[in-house]
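J.: Below is one structure. I have some questions about it.
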Amino acid sequence: MVDTIMETQGLHVRFDQLHAVRGVDISIPAGSCFGLLGPNGAGKTTTIECMEGIKTPSEGRVLYRGQPLDVSFAEHAGIMFQQTALQDFVTVGETLTMFQRLYQSSVVVDELIEVCKLDEFLDREPKKLSGGQRQRLLLAIALVGEPKIVFLDEPTTGLDPQARRNLWQLVSDIKSRGVTVVMSTHYMDEAYELCDQIAIMDHGKVIAEGTPDELLRSIFSDVVMQLPLADWPAALSLEGFGAQSFGEQVQLMSKDVNESIAALLAADVPLQHLQIRKRNLEDLFIELTGRELRT
Amino acid sequence: MNFKRFYAVFVARNLEFIRDRGALAWSFIFPVFMILGFAFVFNGQKPLYTVGAMNNPAPTAMSYFALDEALIEMVVIVDEGYATRRLGRHALDLLLDTANKHYWVNPLSPEGQVLERLLQGSGAAEGWQRTEISGEALRYVDWALPGILSMNMMFAALFGIGYVIVRYRKTGMLKRMMATPVTAVEFLGAQLASRLMVMIVINIILLMGLWFAVDFRMEGSVLLLALVFILGATSLISIGLLVAARIANEELANGLLNAATWPMMMLSEVWFSMENAAPWIQSLSLALPLTHMTKAARAVMLDGAGFVDILPNLVYLTAVALVFLMLGARFFRWE
């Protein structure tokens, strides 16, 4: 039996006029990386804040190891918020030391500095860091109390590709130490790369849940074939191939790639720019909601 | 209350303040500028002579001194001890008790001597009892200094706590702290302790510097003065904590803090005495903690007042601190 570390039961959160979270039931296996996906405003952050104990749900409950959250939960959880300003005039090293002293048990700060690669800017103020450095510091703060569960709320939003990759590596390291990771993101590639289990949220509800591959397999049995629109012969009808144009591209979904290629060759469609890819979580989201993810 | 967590926040807040050169410099420049500049330049318009009158609410100056009334201000006095202290400091030039045929004069005051001659010349005080109260003139800077120091602490307390916590809340720093095991009491306690320590250290340095610069009067116990400042600062910090308990808008905080500081600056006897103000203004003044801090500090520094003399002020400051701390802790929200 899988050991569940965190669970939400019938979670509802209402703000004045807004019903932000509408009955969310999530179960997170210990030691896994759980991703909460969805567009902006889907209710991801509110759900995650209920799990963190930062927000009190209007209805329903959050259980940690089968028990409702209590004050001791702060000793077990590490949290990285979307936006956090730290104190001015206090260096990165001093900030880490302050947070370390707030926990009964904590990691050795020097180790954390090494793991999160903070040594090059240890004497700098947090407000003078680049986006990637800043996120690494915030992650280090989340880890300083030796947490059993770490919450990362959109950890790579606004980072350049290299900084994103660096942070993904750090998250993978955390996972490999057996720490449960709960993250929200609207980057599907990030979720696919890092998460063992995902829940897709839209309009305050979980609309699909499972491992990324399970979800993709359950919804899609085809692959995406993509060609530049300029290569598509003008006389040839798109509908005849079940193809659709998206901007400068033509896409067709194929259950049998060999058959589709033979048909395209027979119609004299040049295939030197043909791309074939598996369905991804982005496609899944569009399929489930009829909307693109970042709208 | 976990001391390790309290200490961690306390140290970080101290570092933040000490390294903020602008804020640190201003903590010194503001009061020094006020005392050296304002206190010396300020030269209150006062009539040529001031006479205190006891047990007779409306004596006419003419009947005693044969002088134009515009030259003499008659001040009605209720408390003899207070009046004689003022005479000793040259704040009054002569004190009359027409009912008991008694007058007091300060032999070191030239104005007092002129008035005494006029009184004798008019023949109105023949056979009156004469009492001398000796004392050096009190400079305005001596009188104003306890109030200016108190006012400086008021700004440091209210803005240094209120504004900073609102900023922490707005930037997400409080939310970050909320996600750690630190409790609100530990966090706010550390803010209070850090600010209090900073204010006390700054005041010690200021007083040492001003001792050489203006040689101010210090009649009472330094430790008692320290107690006045600690209790006064705590009560003002606690007001700052209440202001900052919930709001996350710096403009609103600024407005509220100004609304709290301006009446205190004007009505707490920092710049001028309230003894001739309308009774309702005097009552309002007495409700303000800064009034009690200023009065107590002034009593210790100028009159050498002891613990018992200023006990009512200390009790009031303690009560304000306790009530506002409890309200501040009760209403505090991290987010």
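Residue numbering restarts at 1 for every chain of the structure tokens, chains are lettered A, B, ... in their displayed order, and ligands are numbered from 1 as they appear.
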List every residue of chain B that has an atom at most 10 Å from any atom of chain A, and for each one report the closest atom pair and its distance in Å to one decimal, counting only C-alpha atoms, with rows sorted by chain and then by increasing residue number, as a tab-separated table.
T.:
```
residue	atom	partner	partner_atom	distance
B:Asn2	CA	A:Leu102	CA	9.0
B:Phe3	CA	A:Leu102	CA	9.8
B:Lys4	CA	A:Arg101	CA	6.4
B:Arg5	CA	A:Leu102	CA	4.7
B:Phe6	CA	A:Leu102	CA	8.3
B:Tyr7	CA	A:Arg101	CA	8.5
B:Ala8	CA	A:Met98	CA	5.1
B:Val9	CA	A:Met98	CA	6.7
B:Phe10	CA	A:Met98	CA	9.4
B:Val11	CA	A:Met98	CA	8.1
B:Ala12	CA	A:Met98	CA	6.7
B:Arg13	CA	A:Gln87	CA	8.1
B:Asn14	CA	A:Val90	CA	9.6
B:Leu15	CA	A:Val90	CA	6.4
B:Glu16	CA	A:Phe89	CA	5.0
B:Phe17	CA	A:Phe89	CA	7.9
B:Ile18	CA	A:Phe89	CA	8.7
B:Arg19	CA	A:Phe89	CA	5.9
B:Asp20	CA	A:Phe89	CA	6.6
B:Arg21	CA	A:Phe89	CA	9.8
B:Arg167	CA	A:Ala85	CA	9.9
B:Tyr168	CA	A:Ala85	CA	8.0
B:Arg169	CA	A:Ala85	CA	9.6
B:Lys170	CA	A:Ala85	CA	9.0
B:Thr171	CA	A:Ala85	CA	5.3
B:Gly172	CA	A:Thr84	CA	4.9
B:Met173	CA	A:Ala85	CA	5.5
B:Leu174	CA	A:Thr84	CA	9.0
B:Lys175	CA	A:Thr84	CA	8.0
B:Arg176	CA	A:Thr84	CA	6.7
B:Met177	CA	A:Phe99	CA	8.7
B:Met178	CA	A:Ile54	CA	7.5
B:Ala179	CA	A:Ala74	CA	6.3
B:Thr180	CA	A:Ala74	CA	5.4
B:Pro181	CA	A:Ala74	CA	5.1
B:Val182	CA	A:Leu102	CA	6.1
B:Thr183	CA	A:Val71	CA	9.3
B:Trp334	CA	A:Ile54	CA	9.4
B:Glu335	CA	A:Ile54	CA	9.0
```
J.: Quick one: residues within 10 Å of Met274 in chain B, only C-alpha atoms, excluding same-chain residues fewer than 5 positions away - as a PyMOL selection string?
T.: chain B and resi 266-269+279+281-283+285-286+291
J.: Any chance you could export the current selection's N, CA and C atoms as a PDB file, in the first residue's frame?
T.:
```pdb
ATOM      1  N   MET B 266       1.917  68.142  18.567  1.00  0.00           N
ATOM      2  CA  MET B 266       1.407  69.476  18.870  1.00  0.00           C
ATOM      3  C   MET B 266       0.904  69.607  20.310  1.00  0.00           C
ATOM      4  N   LEU B 267       0.340  68.535  20.850  1.00  0.00           N
ATOM      5  CA  LEU B 267      -0.395  68.669  22.119  1.00  0.00           C
ATOM      6  C   LEU B 267       0.304  68.037  23.317  1.00  0.00           C
ATOM      7  N   SER B 268       1.505  67.485  23.110  1.00  0.00           N
ATOM      8  CA  SER B 268       2.135  66.765  24.217  1.00  0.00           C
ATOM      9  C   SER B 268       3.212  67.590  24.921  1.00  0.00           C
ATOM     10  N   GLU B 269       3.092  68.909  24.852  1.00  0.00           N
ATOM     11  CA  GLU B 269       4.004  69.808  25.561  1.00  0.00           C
ATOM     12  C   GLU B 269       5.449  69.638  25.129  1.00  0.00           C
ATOM     13  N   PRO B 279      -9.550  73.755  28.723  1.00  0.00           N
ATOM     14  CA  PRO B 279      -9.567  72.508  29.517  1.00  0.00           C
ATOM     15  C   PRO B 279      -9.703  71.246  28.668  1.00  0.00           C
ATOM     16  N   ILE B 281      -8.652  70.742  25.710  1.00  0.00           N
ATOM     17  CA  ILE B 281      -7.360  70.440  25.051  1.00  0.00           C
ATOM     18  C   ILE B 281      -6.397  69.846  26.079  1.00  0.00           C
ATOM     19  N   GLN B 282      -6.469  70.362  27.295  1.00  0.00           N
ATOM     20  CA  GLN B 282      -5.610  69.791  28.350  1.00  0.00           C
ATOM     21  C   GLN B 282      -5.970  68.325  28.605  1.00  0.00           C
ATOM     22  N   SER B 283      -7.272  68.027  28.607  1.00  0.00           N
ATOM     23  CA  SER B 283      -7.704  66.634  28.824  1.00  0.00           C
ATOM     24  C   SER B 283      -7.207  65.757  27.683  1.00  0.00           C
ATOM     25  N   SER B 285      -4.665  66.320  25.796  1.00  0.00           N
ATOM     26  CA  SER B 285      -3.215  66.215  25.937  1.00  0.00           C
ATOM     27  C   SER B 285      -2.841  65.121  26.940  1.00  0.00           C
ATOM     28  N   LEU B 286      -3.597  65.076  28.035  1.00  0.00           N
ATOM     29  CA  LEU B 286      -3.284  64.089  29.082  1.00  0.00           C
ATOM     30  C   LEU B 286      -3.595  62.659  28.658  1.00  0.00           C
ATOM     31  N   THR B 291       2.620  62.891  26.099  1.00  0.00           N
ATOM     32  CA  THR B 291       2.540  63.919  27.141  1.00  0.00           C
ATOM     33  C   THR B 291       3.146  63.384  28.441  1.00  0.00           C
TER      34      THR B 291
END
```
J.: Can you list, as a PyMOL selection string, every protein, DNA or RNA residue that comes within 12 Å of Val323 in chain B when you count only C-alpha atoms, leaving out same-chain residues fewer than 3 positions away?
T.: chain B and resi 234-239+241-242+316-320+326-330
J.: Limited to N, CA and C atoms, could you put the picked residues into a file as a PDB file, in the first residue's frame?
T.:
```pdb
ATOM      1  N   THR B 234       8.099  51.871  24.747  1.00  0.00           N
ATOM      2  CA  THR B 234       7.309  50.642  24.630  1.00  0.00           C
ATOM      3  C   THR B 234       5.845  50.977  24.333  1.00  0.00           C
ATOM      4  N   SER B 235       5.328  52.002  25.024  1.00  0.00           N
ATOM      5  CA  SER B 235       3.915  52.339  24.790  1.00  0.00           C
ATOM      6  C   SER B 235       3.726  52.847  23.359  1.00  0.00           C
ATOM      7  N   LEU B 236       4.693  53.599  22.856  1.00  0.00           N
ATOM      8  CA  LEU B 236       4.549  54.128  21.487  1.00  0.00           C
ATOM      9  C   LEU B 236       4.747  53.022  20.441  1.00  0.00           C
ATOM     10  N   ILE B 237       5.688  52.114  20.710  1.00  0.00           N
ATOM     11  CA  ILE B 237       5.886  50.969  19.801  1.00  0.00           C
ATOM     12  C   ILE B 237       4.605  50.137  19.737  1.00  0.00           C
ATOM     13  N   SER B 238       3.963  49.968  20.903  1.00  0.00           N
ATOM     14  CA  SER B 238       2.756  49.136  20.931  1.00  0.00           C
ATOM     15  C   SER B 238       1.644  49.778  20.101  1.00  0.00           C
ATOM     16  N   ILE B 239       1.612  51.111  20.060  1.00  0.00           N
ATOM     17  CA  ILE B 239       0.627  51.783  19.199  1.00  0.00           C
ATOM     18  C   ILE B 239       0.969  51.494  17.733  1.00  0.00           C
ATOM     19  N   LEU B 241       2.433  48.850  16.627  1.00  0.00           N
ATOM     20  CA  LEU B 241       2.075  47.451  16.353  1.00  0.00           C
ATOM     21  C   LEU B 241       0.589  47.327  16.034  1.00  0.00           C
ATOM     22  N   LEU B 242      -0.231  48.074  16.758  1.00  0.00           N
ATOM     23  CA  LEU B 242      -1.670  48.001  16.496  1.00  0.00           C
ATOM     24  C   LEU B 242      -1.995  48.584  15.121  1.00  0.00           C
ATOM     25  N   TYR B 316       0.594  55.252  33.740  1.00  0.00           N
ATOM     26  CA  TYR B 316      -0.179  55.493  32.517  1.00  0.00           C
ATOM     27  C   TYR B 316       0.525  54.897  31.295  1.00  0.00           C
ATOM     28  N   LEU B 317       1.846  55.121  31.208  1.00  0.00           N
ATOM     29  CA  LEU B 317       2.597  54.594  30.068  1.00  0.00           C
ATOM     30  C   LEU B 317       2.555  53.067  30.039  1.00  0.00           C
ATOM     31  N   THR B 318       2.679  52.454  31.221  1.00  0.00           N
ATOM     32  CA  THR B 318       2.624  50.988  31.298  1.00  0.00           C
ATOM     33  C   THR B 318       1.257  50.492  30.844  1.00  0.00           C
ATOM     34  N   ALA B 319       0.212  51.188  31.295  1.00  0.00           N
ATOM     35  CA  ALA B 319      -1.145  50.767  30.928  1.00  0.00           C
ATOM     36  C   ALA B 319      -1.350  50.875  29.421  1.00  0.00           C
ATOM     37  N   VAL B 320      -0.893  51.984  28.825  1.00  0.00           N
ATOM     38  CA  VAL B 320      -1.030  52.153  27.368  1.00  0.00           C
ATOM     39  C   VAL B 320      -0.284  51.022  26.653  1.00  0.00           C
ATOM     40  N   MET B 326      -1.697  44.121  23.760  1.00  0.00           N
ATOM     41  CA  MET B 326      -2.701  43.050  23.716  1.00  0.00           C
ATOM     42  C   MET B 326      -3.577  43.200  22.478  1.00  0.00           C
ATOM     43  N   LEU B 327      -3.992  44.436  22.196  1.00  0.00           N
ATOM     44  CA  LEU B 327      -4.835  44.662  21.011  1.00  0.00           C
ATOM     45  C   LEU B 327      -4.051  44.339  19.734  1.00  0.00           C
ATOM     46  N   GLY B 328      -2.784  44.772  19.700  1.00  0.00           N
ATOM     47  CA  GLY B 328      -1.950  44.526  18.525  1.00  0.00           C
ATOM     48  C   GLY B 328      -1.774  43.034  18.269  1.00  0.00           C
ATOM     49  N   ALA B 329      -1.515  42.269  19.345  1.00  0.00           N
ATOM     50  CA  ALA B 329      -1.329  40.818  19.203  1.00  0.00           C
ATOM     51  C   ALA B 329      -2.650  40.156  18.819  1.00  0.00           C
ATOM     52  N   ARG B 330      -3.744  40.688  19.378  1.00  0.00           N
ATOM     53  CA  ARG B 330      -5.066  40.105  19.113  1.00  0.00           C
ATOM     54  C   ARG B 330      -5.469  40.287  17.645  1.00  0.00           C
TER      55      ARG B 330
END
```
J.: Can you pull out every residue from range 7-168 of chain A that DSSP, working from the backbone, puts in strand (DSSP E or B), and format the result as an MDAnalysis selection string?
T.: chainID A and resid 7:15 18:29 33:37 59:64 67:68 77:80 149:153
J.: Just the number, please: distance in Å from CA of Ile219 in chain A to CA of Ala20 in chain A, one decimal.
T.: 26.7 Å
J.: Using only C-alpha atoms, which of A:Gly41, A:Gly178, A:Gly35, A:Gly10 sits nearest Tyr192 in chain A?
T.: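 Among the listed residues, the smallest separation from Tyr192 in chain A belongs to A:Gly35.
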J.: When you look at Glu59 in chain A with a cut-off of 12 Å (counting only C-alpha atoms), what residues show up, excluding the ones that are within fewer than 4 positions of it in the same chain? I need them as a VMD selection string.
T.: chain A and resid 8 to 14 19 to 25 47 50 55
J.: Store the residues of this selection in a file with C-alpha atoms, as an mmCIF file, in the first residue's frame.
T.:
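selection_26.cif, written as the output of this step:
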```cif
data_model
loop_
_atom_site.group_PDB
_atom_site.id
_atom_site.type_symbol
_atom_site.label_atom_id
_atom_site.label_comp_id
_atom_site.auth_asym_id
_atom_site.auth_seq_id
_atom_site.Cartn_x
_atom_site.Cartn_y
_atom_site.Cartn_z
ATOM 1 C CA THR A 8 -7.139 17.071 0.862
ATOM 2 C CA GLN A 9 -10.762 16.110 1.330
ATOM 3 C CA GLY A 10 -13.625 18.105 -0.185
ATOM 4 C CA LEU A 11 -11.622 21.325 -0.241
ATOM 5 C CA HIS A 12 -13.566 24.508 -0.963
ATOM 6 C CA VAL A 13 -12.228 28.061 -0.736
ATOM 7 C CA ARG A 14 -14.448 31.080 -1.227
ATOM 8 C CA HIS A 19 -15.465 30.375 -5.417
ATOM 9 C CA ALA A 20 -11.778 29.731 -6.084
ATOM 10 C CA VAL A 21 -11.534 26.051 -5.124
ATOM 11 C CA ARG A 22 -14.563 23.807 -5.641
ATOM 12 C CA GLY A 23 -14.267 20.449 -3.974
ATOM 13 C CA VAL A 24 -10.696 19.299 -4.473
ATOM 14 C CA ASP A 25 -9.703 15.799 -3.309
ATOM 15 C CA THR A 47 -5.142 24.818 -3.110
ATOM 16 C CA CYS A 50 -4.423 25.282 2.025
ATOM 17 C CA LYS A 55 -4.911 29.467 4.132
#
```
J.: Under the rule that only C-alpha atoms are counted, which of A:Ile149, A:Ile276, A:Ala243, A:Met6 is the nearest residue to Gln226 in chain A?
T.: A:Ile276
